[in-house]
>>> print(open('work-v3.cif').read())   # mmCIF, C-alpha atoms and all ligand atoms
data_upload
#
loop_
_atom_site.label_atom_id
_atom_site.label_comp_id
_atom_site.auth_asym_id
_atom_site.auth_seq_id
_atom_site.Cartn_x
_atom_site.Cartn_y
_atom_site.Cartn_z
CA MET A 29 -62.01 0.21 22.16
CA HIS A 30 -63.31 3.02 24.39
CA GLN A 31 -64.57 1.74 27.76
CA ARG A 32 -65.88 3.53 30.86
CA LEU A 33 -64.86 2.32 34.32
CA LEU A 34 -66.72 3.91 37.23
CA LEU A 35 -65.17 3.60 40.70
CA ILE A 36 -67.80 4.30 43.36
CA GLY A 37 -66.23 5.12 46.76
CA GLY A 38 -62.54 5.53 47.55
CA GLY A 39 -62.45 2.81 50.20
CA HIS A 40 -59.63 0.50 51.26
CA ALA A 41 -60.02 -1.93 48.34
CA GLN A 42 -60.39 0.81 45.74
CA LEU A 43 -56.94 2.13 46.70
CA SER A 44 -55.47 -0.99 45.10
CA VAL A 45 -57.45 -0.28 41.93
CA LEU A 46 -56.02 3.25 41.75
CA ARG A 47 -52.55 1.84 42.31
CA ALA A 48 -52.99 -0.76 39.56
CA LEU A 49 -54.22 1.93 37.14
CA ALA A 50 -51.27 4.13 38.05
CA ARG A 51 -48.92 1.27 37.12
CA ALA A 52 -50.58 0.27 33.86
CA ARG A 53 -53.66 1.68 32.20
CA PRO A 54 -55.51 -0.36 29.62
CA PRO A 55 -55.65 1.68 26.40
CA GLY A 56 -58.88 3.55 25.62
CA LEU A 57 -60.07 3.46 29.22
CA GLU A 58 -61.93 6.42 30.70
CA THR A 59 -62.13 6.18 34.50
CA ILE A 60 -64.08 8.23 37.05
CA LEU A 61 -63.79 7.96 40.83
CA VAL A 62 -66.78 9.36 42.69
CA THR A 63 -66.28 9.78 46.43
CA PRO A 64 -67.45 12.51 48.85
CA SER A 65 -63.98 13.51 50.06
CA VAL A 66 -60.48 13.62 48.58
CA TRP A 67 -59.29 12.12 51.84
CA GLN A 68 -59.58 8.44 52.69
CA ILE A 69 -59.28 8.23 56.46
CA TYR A 70 -57.70 5.04 57.77
CA SER A 71 -60.02 3.77 60.51
CA GLY A 72 -57.31 1.57 62.05
CA MET A 73 -55.45 4.71 63.21
CA LEU A 74 -58.52 6.71 64.25
CA PRO A 75 -58.50 5.60 67.91
CA GLY A 76 -54.77 6.48 68.03
CA TRP A 77 -55.57 9.93 66.63
CA MET A 78 -58.31 10.46 69.24
CA ALA A 79 -55.89 9.40 71.97
CA GLY A 80 -53.36 11.97 70.74
CA HIS A 81 -50.76 9.56 69.33
CA TYR A 82 -51.13 10.75 65.71
CA ALA A 83 -51.83 13.99 63.90
CA ALA A 84 -54.85 13.86 61.54
CA GLU A 85 -52.51 14.09 58.49
CA GLN A 86 -50.80 10.85 59.53
CA CYS A 87 -54.05 8.87 59.36
CA ARG A 88 -55.39 9.80 55.95
CA ILE A 89 -54.60 9.24 52.30
CA ASP A 90 -54.91 11.97 49.71
CA LEU A 91 -56.67 10.44 46.71
CA ARG A 92 -55.74 13.31 44.36
CA PRO A 93 -52.13 12.32 43.51
CA TRP A 94 -53.26 8.77 42.86
CA CYS A 95 -56.05 9.92 40.56
CA GLU A 96 -53.61 12.17 38.74
CA LYS A 97 -51.09 9.41 38.28
CA ALA A 98 -53.76 6.90 37.23
CA GLN A 99 -55.46 9.48 34.96
CA VAL A 100 -58.70 9.03 36.85
CA HIS A 101 -61.19 11.89 36.89
CA LEU A 102 -62.05 12.56 40.55
CA VAL A 103 -65.60 13.67 41.30
CA GLU A 104 -66.18 14.85 44.88
CA ASP A 105 -69.76 13.73 45.30
CA ALA A 106 -71.73 10.79 46.66
CA VAL A 107 -73.71 8.26 44.68
CA CYS A 108 -77.35 8.21 45.80
CA ALA A 109 -78.83 5.88 43.18
CA LEU A 110 -77.67 3.11 40.90
CA ASP A 111 -79.51 1.51 37.99
CA ALA A 112 -77.61 -1.70 37.34
CA HIS A 113 -79.78 -2.55 34.29
CA GLN A 114 -79.14 0.81 32.62
CA ARG A 115 -75.50 0.87 33.88
CA CYS A 116 -75.85 4.31 35.36
CA ALA A 117 -75.22 5.93 38.76
CA THR A 118 -76.72 9.21 39.97
CA THR A 119 -75.01 11.45 42.50
CA GLU A 120 -76.36 13.73 45.21
CA GLY A 121 -75.05 16.64 43.13
CA GLY A 122 -77.30 15.55 40.23
CA ARG A 123 -74.64 13.99 37.96
CA ARG A 124 -75.53 10.98 35.79
CA LEU A 125 -72.54 8.68 35.41
CA GLU A 126 -72.83 5.91 32.83
CA TYR A 127 -70.41 3.00 32.84
CA ASP A 128 -69.43 -0.20 31.08
CA LEU A 129 -67.84 -1.61 34.25
CA THR A 130 -68.17 -0.43 37.85
CA SER A 131 -66.42 -1.17 41.13
CA ILE A 132 -68.24 -0.34 44.37
CA ASP A 133 -66.33 0.20 47.63
CA VAL A 134 -68.44 2.62 49.67
CA GLY A 135 -68.24 0.84 53.02
CA GLY A 136 -71.28 0.46 55.26
CA VAL A 137 -73.42 2.83 57.26
CA PRO A 138 -73.81 2.68 61.06
CA LYS A 139 -77.22 1.34 62.10
CA THR A 140 -78.24 4.48 63.99
CA THR A 141 -82.03 4.37 63.52
CA PRO A 142 -82.75 3.05 67.06
CA LEU A 143 -80.65 5.93 68.45
CA ALA A 144 -82.35 8.71 66.46
CA ALA A 145 -84.24 10.05 69.51
CA ALA A 146 -80.90 11.25 70.93
CA GLY A 147 -81.22 14.06 68.35
CA ASP A 148 -78.33 16.58 68.44
CA ARG A 149 -76.46 14.46 70.97
CA LEU A 150 -75.97 11.68 68.44
CA LEU A 151 -72.53 11.47 66.81
CA PRO A 152 -72.25 8.53 64.38
CA ILE A 153 -68.72 7.24 63.78
CA LYS A 154 -69.32 7.39 60.00
CA PRO A 155 -68.84 9.29 57.78
CA LEU A 156 -65.36 9.39 59.31
CA GLU A 157 -64.67 12.91 57.92
CA ARG A 158 -67.65 14.23 59.88
CA PHE A 159 -66.54 12.45 63.04
CA VAL A 160 -62.98 13.76 62.69
CA ALA A 161 -64.33 17.32 62.35
CA ALA A 162 -66.61 16.90 65.39
CA TRP A 163 -64.25 15.16 67.86
CA PRO A 164 -62.14 18.23 68.84
CA HIS A 165 -65.40 19.98 69.85
CA VAL A 166 -66.40 16.99 71.97
CA LEU A 167 -63.00 17.17 73.70
CA GLU A 168 -63.45 20.91 74.28
CA ARG A 169 -66.92 20.39 75.76
CA ALA A 170 -65.61 17.58 77.97
CA ARG A 171 -62.98 19.97 79.34
CA SER A 172 -65.40 22.83 79.96
CA THR A 173 -68.56 21.00 81.09
CA PRO A 174 -68.61 19.70 84.69
CA GLY A 175 -70.00 16.16 84.83
CA PHE A 176 -69.60 15.65 81.06
CA ARG A 177 -70.53 12.15 79.98
CA LEU A 178 -69.87 10.37 76.68
CA ALA A 179 -71.88 7.23 75.91
CA VAL A 180 -70.38 4.96 73.27
CA VAL A 181 -73.01 2.61 71.84
CA GLY A 182 -71.79 -0.63 70.29
CA ALA A 183 -69.05 -2.82 71.71
CA GLY A 184 -67.51 -4.47 68.69
CA ALA A 185 -63.82 -3.77 68.07
CA ALA A 186 -64.57 -0.17 66.99
CA GLY A 187 -66.75 0.65 70.03
CA VAL A 188 -64.22 -0.77 72.52
CA GLU A 189 -61.32 1.07 70.89
CA LEU A 190 -63.31 4.33 70.74
CA ALA A 191 -64.32 4.11 74.42
CA LEU A 192 -60.72 3.46 75.51
CA ALA A 193 -59.36 6.20 73.24
CA ALA A 194 -61.92 8.70 74.55
CA ALA A 195 -61.14 7.82 78.19
CA HIS A 196 -57.42 8.31 77.50
CA ALA A 197 -57.99 11.60 75.66
CA PHE A 198 -60.15 12.96 78.49
CA ARG A 199 -57.53 11.95 81.06
CA ILE A 200 -54.55 13.55 79.30
CA GLN A 201 -56.55 16.69 78.53
CA GLY A 202 -57.49 17.06 82.19
CA ALA A 203 -61.22 16.62 81.50
CA ARG A 204 -63.07 15.15 84.46
CA ALA A 205 -65.46 13.37 82.15
CA GLU A 206 -67.10 9.95 82.22
CA VAL A 207 -67.16 7.36 79.45
CA TRP A 208 -69.88 4.73 79.29
CA LEU A 209 -69.85 1.81 76.88
CA VAL A 210 -73.28 0.40 76.11
CA ALA A 211 -72.59 -3.09 74.86
CA GLY A 212 -75.94 -4.80 74.38
CA SER A 213 -76.81 -8.21 75.78
CA SER A 214 -74.15 -10.11 73.78
CA GLY A 215 -71.43 -8.28 75.70
CA ILE A 216 -68.18 -6.73 74.56
CA LEU A 217 -66.35 -7.98 71.45
CA PRO A 218 -68.87 -10.66 70.42
CA GLY A 219 -67.22 -13.13 68.06
CA HIS A 220 -63.77 -12.77 69.67
CA ALA A 221 -62.25 -15.46 71.89
CA PRO A 222 -63.09 -15.45 75.64
CA GLY A 223 -59.49 -14.49 76.48
CA VAL A 224 -59.68 -11.39 74.27
CA ARG A 225 -63.00 -10.37 75.80
CA GLN A 226 -61.62 -10.77 79.32
CA ARG A 227 -58.54 -8.72 78.51
CA ALA A 228 -60.72 -5.97 76.99
CA ALA A 229 -63.01 -5.99 80.04
CA ARG A 230 -59.96 -5.49 82.28
CA GLN A 231 -58.66 -2.64 80.14
CA LEU A 232 -62.06 -0.93 80.20
CA GLN A 233 -62.20 -1.29 83.98
CA ARG A 234 -58.65 0.05 84.36
CA ALA A 235 -59.57 3.06 82.20
CA GLY A 236 -62.65 3.76 84.36
CA VAL A 237 -65.14 3.07 81.55
CA THR A 238 -68.58 2.02 82.83
CA VAL A 239 -69.84 -0.94 80.78
CA GLN A 240 -73.57 -1.62 80.42
CA LEU A 241 -74.63 -5.00 79.04
CA GLN A 242 -78.07 -3.90 77.84
CA ARG A 243 -79.52 -2.77 74.56
CA ALA A 244 -79.91 0.97 74.26
CA ALA A 245 -82.32 3.20 72.37
CA GLY A 246 -81.86 6.89 71.77
CA HIS A 247 -83.43 9.32 74.24
CA PRO A 248 -83.57 13.14 74.16
CA GLN A 249 -81.25 13.12 77.20
CA GLY A 250 -78.86 10.46 75.92
CA VAL A 251 -79.80 6.78 75.80
CA GLN A 252 -82.44 4.61 77.40
CA LEU A 253 -81.43 1.10 78.45
CA ALA A 254 -83.65 -1.96 78.02
CA SER A 255 -84.34 -1.82 81.80
CA GLY A 256 -85.94 1.61 81.28
CA GLU A 257 -83.05 3.46 82.97
CA ILE A 258 -82.09 6.69 81.22
CA VAL A 259 -78.35 7.28 80.90
CA GLN A 260 -77.85 11.01 80.56
CA ALA A 261 -75.09 11.70 78.08
CA HIS A 262 -73.93 14.92 76.48
CA VAL A 263 -72.74 13.01 73.42
CA VAL A 264 -73.82 9.58 72.16
CA LEU A 265 -71.05 8.17 70.00
CA ALA A 266 -72.66 5.54 67.79
CA ALA A 267 -70.55 2.60 66.64
CA PRO A 268 -73.31 0.00 66.33
CA GLY A 269 -73.32 -2.72 63.67
CA THR A 270 -72.75 -1.94 60.01
CA GLY A 271 -75.75 -1.62 57.72
CA ALA A 272 -75.97 -1.42 53.94
CA PRO A 273 -76.43 1.90 52.07
CA SER A 274 -80.18 2.31 51.42
CA TRP A 275 -79.69 3.36 47.76
CA LEU A 276 -78.71 -0.21 46.88
CA LEU A 277 -82.30 -1.37 47.46
CA ALA A 278 -83.59 0.07 44.17
CA SER A 279 -80.41 -0.72 42.19
CA GLY A 280 -81.66 -3.97 40.68
CA LEU A 281 -78.57 -5.76 42.03
CA LEU A 282 -79.10 -9.02 43.86
CA LEU A 283 -78.62 -8.23 47.57
CA ASP A 284 -78.42 -10.42 50.66
CA THR A 285 -81.16 -10.35 53.30
CA GLU A 286 -79.56 -7.32 54.97
CA GLY A 287 -79.24 -5.33 51.76
CA PHE A 288 -75.52 -5.87 51.00
CA ILE A 289 -74.39 -6.59 47.42
CA LEU A 290 -74.15 -10.34 46.90
CA VAL A 291 -70.84 -11.20 45.21
CA ASP A 292 -69.03 -14.39 44.23
CA ALA A 293 -65.44 -15.38 45.05
CA TYR A 294 -64.23 -12.98 42.29
CA HIS A 295 -66.07 -10.14 44.08
CA ARG A 296 -68.33 -9.86 41.07
CA SER A 297 -72.06 -9.25 41.53
CA VAL A 298 -73.92 -12.54 41.21
CA SER A 299 -76.64 -10.78 39.19
CA HIS A 300 -74.68 -8.22 37.11
CA PRO A 301 -71.29 -9.27 35.67
CA ASP A 302 -70.34 -5.63 35.00
CA VAL A 303 -70.53 -4.79 38.72
CA PHE A 304 -67.75 -5.62 41.20
CA ALA A 305 -67.79 -4.81 44.93
CA ALA A 306 -65.41 -5.18 47.87
CA GLY A 307 -65.22 -4.18 51.52
CA ASP A 308 -68.10 -3.71 53.94
CA VAL A 309 -70.67 -3.06 51.18
CA CYS A 310 -70.70 -6.65 49.92
CA SER A 311 -71.48 -10.16 51.14
CA ARG A 312 -69.87 -13.26 49.70
CA GLU A 313 -72.38 -15.89 48.56
CA ASP A 314 -69.87 -18.71 49.13
CA ALA A 315 -68.35 -17.82 52.51
CA PRO A 316 -69.35 -15.39 55.25
CA LEU A 317 -66.77 -12.60 55.56
CA ALA A 318 -66.54 -10.38 58.64
CA ARG A 319 -67.11 -6.69 57.83
CA SER A 320 -63.61 -5.54 58.68
CA GLY A 321 -60.85 -3.47 57.19
CA VAL A 322 -58.69 -6.60 56.99
CA HIS A 323 -60.86 -8.06 54.20
CA ALA A 324 -61.39 -4.70 52.48
CA VAL A 325 -57.60 -4.30 52.28
CA ARG A 326 -56.81 -7.91 51.30
CA ALA A 327 -59.54 -8.13 48.64
CA GLY A 328 -58.22 -4.91 47.05
CA PRO A 329 -55.46 -6.43 44.84
CA VAL A 330 -57.87 -9.17 43.66
CA LEU A 331 -60.51 -6.55 42.85
CA ALA A 332 -57.92 -4.56 40.87
CA ARG A 333 -56.67 -7.63 39.01
CA ASN A 334 -60.21 -8.72 38.13
CA LEU A 335 -61.27 -5.33 36.80
CA MET A 336 -58.20 -5.26 34.55
CA ALA A 337 -58.89 -8.88 33.54
CA VAL A 338 -62.46 -8.05 32.46
CA LEU A 339 -61.19 -5.08 30.45
CA SER A 340 -58.63 -7.21 28.64
CA GLY A 341 -60.60 -10.48 28.40
CA ARG A 342 -58.35 -12.43 30.80
CA PRO A 343 -59.57 -15.00 33.38
CA LEU A 344 -60.57 -13.83 36.87
CA THR A 345 -58.90 -14.59 40.22
CA THR A 346 -60.67 -15.52 43.45
CA TYR A 347 -60.11 -13.84 46.82
CA THR A 348 -59.50 -16.54 49.43
CA PRO A 349 -59.73 -15.11 52.94
CA ARG A 350 -57.35 -16.49 55.54
CA ARG A 351 -59.01 -18.76 58.06
CA ARG A 352 -58.21 -16.39 60.93
CA SER A 353 -57.76 -12.64 60.84
CA LEU A 354 -55.39 -10.73 63.08
CA TYR A 355 -56.92 -7.88 65.08
CA LEU A 356 -54.82 -5.54 67.15
CA LEU A 357 -57.10 -3.54 69.45
CA ALA A 358 -55.78 -0.19 70.65
CA CYS A 359 -56.38 0.37 74.36
CA GLY A 360 -55.89 4.13 74.57
CA ASP A 361 -52.47 4.40 76.18
CA ARG A 362 -50.04 2.92 73.57
CA TYR A 363 -51.10 -0.54 74.65
CA ALA A 364 -52.91 -3.14 72.54
CA ILE A 365 -54.67 -6.50 72.70
CA VAL A 366 -53.96 -9.16 70.10
CA SER A 367 -56.89 -11.24 68.86
CA TRP A 368 -56.10 -14.05 66.43
CA GLY A 369 -58.57 -16.92 66.46
CA ARG A 370 -58.38 -18.44 69.96
CA VAL A 371 -55.11 -16.63 70.70
CA SER A 372 -55.13 -13.56 72.92
CA LEU A 373 -52.15 -11.52 74.10
CA GLU A 374 -51.57 -7.95 75.19
CA GLY A 375 -48.85 -5.43 75.90
CA ARG A 376 -46.98 -2.31 74.83
CA TRP A 377 -45.15 -4.43 72.26
CA ALA A 378 -48.54 -5.20 70.67
CA TRP A 379 -49.17 -1.46 70.29
CA ARG A 380 -45.76 -1.02 68.65
CA TRP A 381 -46.60 -3.86 66.28
CA LYS A 382 -49.99 -2.28 65.42
CA ASP A 383 -48.35 1.13 64.99
CA TRP A 384 -45.78 -0.38 62.58
CA ILE A 385 -48.46 -2.18 60.50
CA ASP A 386 -50.72 0.89 60.33
CA ARG A 387 -47.93 3.31 59.42
CA ARG A 388 -46.69 0.92 56.76
CA PHE A 389 -50.17 0.73 55.23
CA ILE A 390 -50.46 4.52 55.10
CA GLU A 391 -46.93 4.92 53.71
CA ARG A 392 -47.80 2.63 50.80
CA PHE A 393 -50.34 5.23 49.70
CA THR A 394 -48.72 8.51 50.65
CA GLY A 395 -45.80 10.47 49.21
CA ASN A 396 -47.53 11.55 45.96
CA GLY A 397 -48.02 8.01 44.81
CA LYS A 398 -44.22 7.51 44.63
CA SER A 399 -44.62 4.01 46.01
CA ALA A 400 -46.59 2.93 42.97
C1 LIG B 1 -62.95 3.33 64.88
C2 LIG B 1 -62.84 2.15 63.97
C3 LIG B 1 -61.75 1.32 64.06
C4 LIG B 1 -61.63 0.22 63.25
N1 LIG B 1 -60.53 -0.56 63.36
C5 LIG B 1 -60.40 -1.62 62.57
C6 LIG B 1 -59.25 -2.45 62.68
O1 LIG B 1 -58.33 -2.18 63.48
N2 LIG B 1 -59.16 -3.53 61.88
C7 LIG B 1 -60.16 -3.83 60.97
O2 LIG B 1 -60.03 -4.83 60.25
N3 LIG B 1 -61.25 -3.09 60.85
C8 LIG B 1 -61.41 -1.98 61.61
N4 LIG B 1 -62.52 -1.21 61.50
C9 LIG B 1 -63.53 -1.54 60.47
C10 LIG B 1 -63.10 -0.92 59.16
O3 LIG B 1 -63.05 0.48 59.29
C11 LIG B 1 -64.06 -1.18 58.03
O4 LIG B 1 -64.35 -2.54 57.96
C12 LIG B 1 -63.40 -0.72 56.72
O5 LIG B 1 -63.27 0.68 56.75
C13 LIG B 1 -64.21 -1.10 55.53
O6 LIG B 1 -63.53 -0.61 54.40
P1 LIG B 1 -64.33 -0.25 53.10
O7 LIG B 1 -63.34 -0.06 52.04
O8 LIG B 1 -65.43 -1.22 52.89
O9 LIG B 1 -65.08 1.13 53.42
P2 LIG B 1 -64.56 2.52 53.94
O10 LIG B 1 -63.22 2.45 54.50
O11 LIG B 1 -65.67 3.03 54.81
O12 LIG B 1 -64.48 3.42 52.62
C14 LIG B 1 -65.62 3.77 51.91
C15 LIG B 1 -65.35 5.00 51.08
O13 LIG B 1 -66.47 5.25 50.24
C16 LIG B 1 -66.90 6.60 50.38
N5 LIG B 1 -68.35 6.62 50.21
C17 LIG B 1 -69.29 6.34 51.15
N6 LIG B 1 -70.51 6.47 50.62
C18 LIG B 1 -70.35 6.83 49.33
C19 LIG B 1 -71.26 7.10 48.25
N7 LIG B 1 -72.58 7.04 48.42
N8 LIG B 1 -70.75 7.44 47.04
C20 LIG B 1 -69.41 7.50 46.85
N9 LIG B 1 -68.51 7.25 47.84
C21 LIG B 1 -68.98 6.91 49.06
C22 LIG B 1 -66.46 7.00 51.77
O14 LIG B 1 -66.31 8.40 51.86
C23 LIG B 1 -65.13 6.26 51.90
O15 LIG B 1 -64.10 7.00 51.32
C24 LIG B 1 -62.66 -0.09 62.32
C25 LIG B 1 -63.78 0.76 62.21
C26 LIG B 1 -63.85 1.87 63.02
C27 LIG B 1 -65.07 2.76 62.87
#
>>> encode(input="work-v3.cif", output="structure tokens")
Amino acid sequence: MHQRLLLIGGGHAQLSVLRALARARPPGLETILVTPSVWQIYSGMLPGWMAGHYAAEQCRIDLRPWCEKAQVHLVEDAVCALDAHQRCATTEGGRRLEYDLTSIDVGGVPKTTPLAAAGDRLLPIKPLERFVAAWPHVLERARSTPGFRLAVVGAGAAGVELALAAAHAFRIQGARAEVWLVAGSSGILPGHAPGVRQRAARQLQRAGVTVQLQRAAGHPQGVQLASGEIVQAHVVLAAPGTGAPSWLLASGLLLDTEGFILVDAYHRSVSHPDVFAAGDVCSREDAPLARSGVHAVRAGPVLARNLMAVLSGRPLTTYTPRRRSLYLLACGDRYAIVSWGRVSLEGRWAWRWKDWIDRRFIERFTGNGKSA
């Protein structure tokens, strides 16, 4: 029987779907992957790239060989609307893509609305391709502009790593530039153990990063703190919380209160059984899941198995997250902090461990899909 599988977004979980299709394709299946870039950039290595430890090619996965091997038609475009009742997605380029089964892994969008007044100075961390293209220019400006200041807004794991990576990059490039980290009133690394937060605070201090524990709004000169103080910044690097893509609102899918796709333990939409979702774009109805790459990666094989199961009428499998997730936070200079539940550790060995894990992840998906 002819069936149409539409993969929306080439995110971390979707990589497992491509790999499963490359291994074994159900007969009569027509598959399309729609994603804005042929490259999937691995966010875990992005701070290391900024700090000069990796070349850009080492931190990204080329989706083309996988699509070729899996006989998936790759469409370089972005979905801007979904009609879950009609089973049809529309792209920015005006394509109408109908499906029998769809898998959504488009990640989230940074909540930059409160920072909009920063105008041209605003540099959101996502889309990652845009950030990667812009960062070398930021470095160049930092080198050539006396008194250059970068304000990083958002002090979750991404914001802390970005601030430390930027400070390291400026230092090794000889840029006499300042880095500020605007953390908001809940402080740095909310949700991590006190020991992790203390270690990160020490690393930020050692790197000369100025930390502000106040909410910030965008301002034409940089950012304005809750106290009214204006922090002049040439570039405002936005890594605030993750929001849901706005096009989901009119999709007809049941969403959570923040607009993320509500899924069950099989990562299947609770309202539309022909829609699956994984990664930052979804919320589990049965258990809160942190929006982190760890879950996007781990849910991937379950997502792949379940899509194949639906296509062949087999039973579905649940994704059971581990009770604690391991986070290895890069501190700029080949040094990392370990955060695992209440456990916190740090050292150069932790960086080597992170480097090994990250390279291994990339290697699984590089080399023309040979590892399939
Ligand atoms: C600097 C940084 C460091 C981080 N470090 C870590 C870490 O060490 N550990 C960790 O667990 N988490 C980390 N994170 C968080 C992690 O990046 C995310 O949780 C993870 O990327 C989510 O994966 P995903 O598959 O949901 O989405 P993504 O990885 O964002 O992939 C989504 C894909 O969908 C595509 N897409 C987007 N919109 C559309 C559309 N409309 N139509 C079609 N395709 C679309 C995108 O181009 C992209 O290819 C970090 C984040 C940042 C920014």
>>> residues_near_ligand(input="work-v3.cif", ligand="ligand LIG 1 (chain B)", cutoff="6 Å", atoms="only C-alpha atoms and all ligand atoms", output="PyMOL selection string")
chain A and resi 36-41+62-65+68+71-72+74-75+106-108+133-135+153+186+190+307-309+319-322+324+355
>>> closest_residue(input="work-v3.cif", among="A:Ala267, A:Ala272, A:Ala98, A:Ile69", to="Ala50 in chain A", atoms="all atoms listed in the file")
A:Ala98
>>> closest_residue(input="work-v3.cif", among="A:Ala144, A:Cys95, A:Cys116, A:Ala83", to="Gly280 in chain A", atoms="all atoms listed in the file")
A:Cys116
>>> closest_residue(input="work-v3.cif", among="A:Arg376, A:His262, A:Arg230, A:His165", to="Leu178 in chain A", atoms="all atoms listed in the file")
A:His262
>>> atom_distance(input="work-v3.cif", atom1="CA of Thr285 in chain A", atom2="CA of Ser311 in chain A")
9.9 Å
>>> closest_residue(input="work-v3.cif", among="A:Ala318, A:Met29, A:Val160, A:Leu232", to="Arg88 in chain A", atoms="all atoms listed in the file")
A:Val160
>>> closest_residue(input="work-v3.cif", among="A:Val103, A:Val224, A:Val291, A:Ala191", to="Arg370 in chain A", atoms="all atoms listed in the file")
A:Val224
>>> closest_residue(input="work-v3.cif", among="A:Glu313, A:Asp386, A:Glu286, A:Asp292", to="Val325 in chain A", atoms="all atoms listed in the file")
A:Asp386
>>> residues_around(input="work-v3.cif", residues="Asp148 in chain A", least_positions_apart="4", cutoff="12 Å", atoms="only C-alpha atoms", output="list of chain:residue names")
A:Leu143, A:Ala144, A:Pro152, A:Gly246, A:His247, A:Pro248, A:Gln249, A:Gly250, A:Ala261, A:His262, A:Val263, A:Val264, A:Leu265
>>> residues_around(input="work-v3.cif", residues="Leu339 in chain A", least_positions_apart="6", cutoff="9 Å", atoms="all atoms listed in the file", output="VMD selection string")
chain A and resid 31 54 57 129
>>> residues_around(input="work-v3.cif", residues="Arg312 in chain A", least_positions_apart="6", cutoff="12 Å", atoms="all atoms listed in the file", output="ChimeraX atom specification")
/A:282-284,288-298,304-306,318-319,323,327,346-349
>>> residues_around(input="work-v3.cif", residues="Thr270 in chain A", least_positions_apart="6", cutoff="7 Å", atoms="only C-alpha atoms", output="compact mmCIF listing (two decimals) with C-alpha atoms, keeping the file's coordinate frame")
# COMPACT_ATOMS: atom_id res chain seq x y z
CA GLY A 136 -71.28 0.46 55.26
CA VAL A 137 -73.42 2.83 57.26
CA PRO A 138 -73.81 2.68 61.06
CA LYS A 139 -77.22 1.34 62.10
>>> atom_distance(input="work-v3.cif", atom1="CA of Val237 in chain A", atom2="CA of Arg352 in chain A")
29.2 Å
>>> residues_around(input="work-v3.cif", residues="Ala52 in chain A", least_positions_apart="6", cutoff="12 Å", atoms="all atoms listed in the file", output="NGL selection string")
:A and (45-46 or 97-99 or 332-333 or 336 or 400)
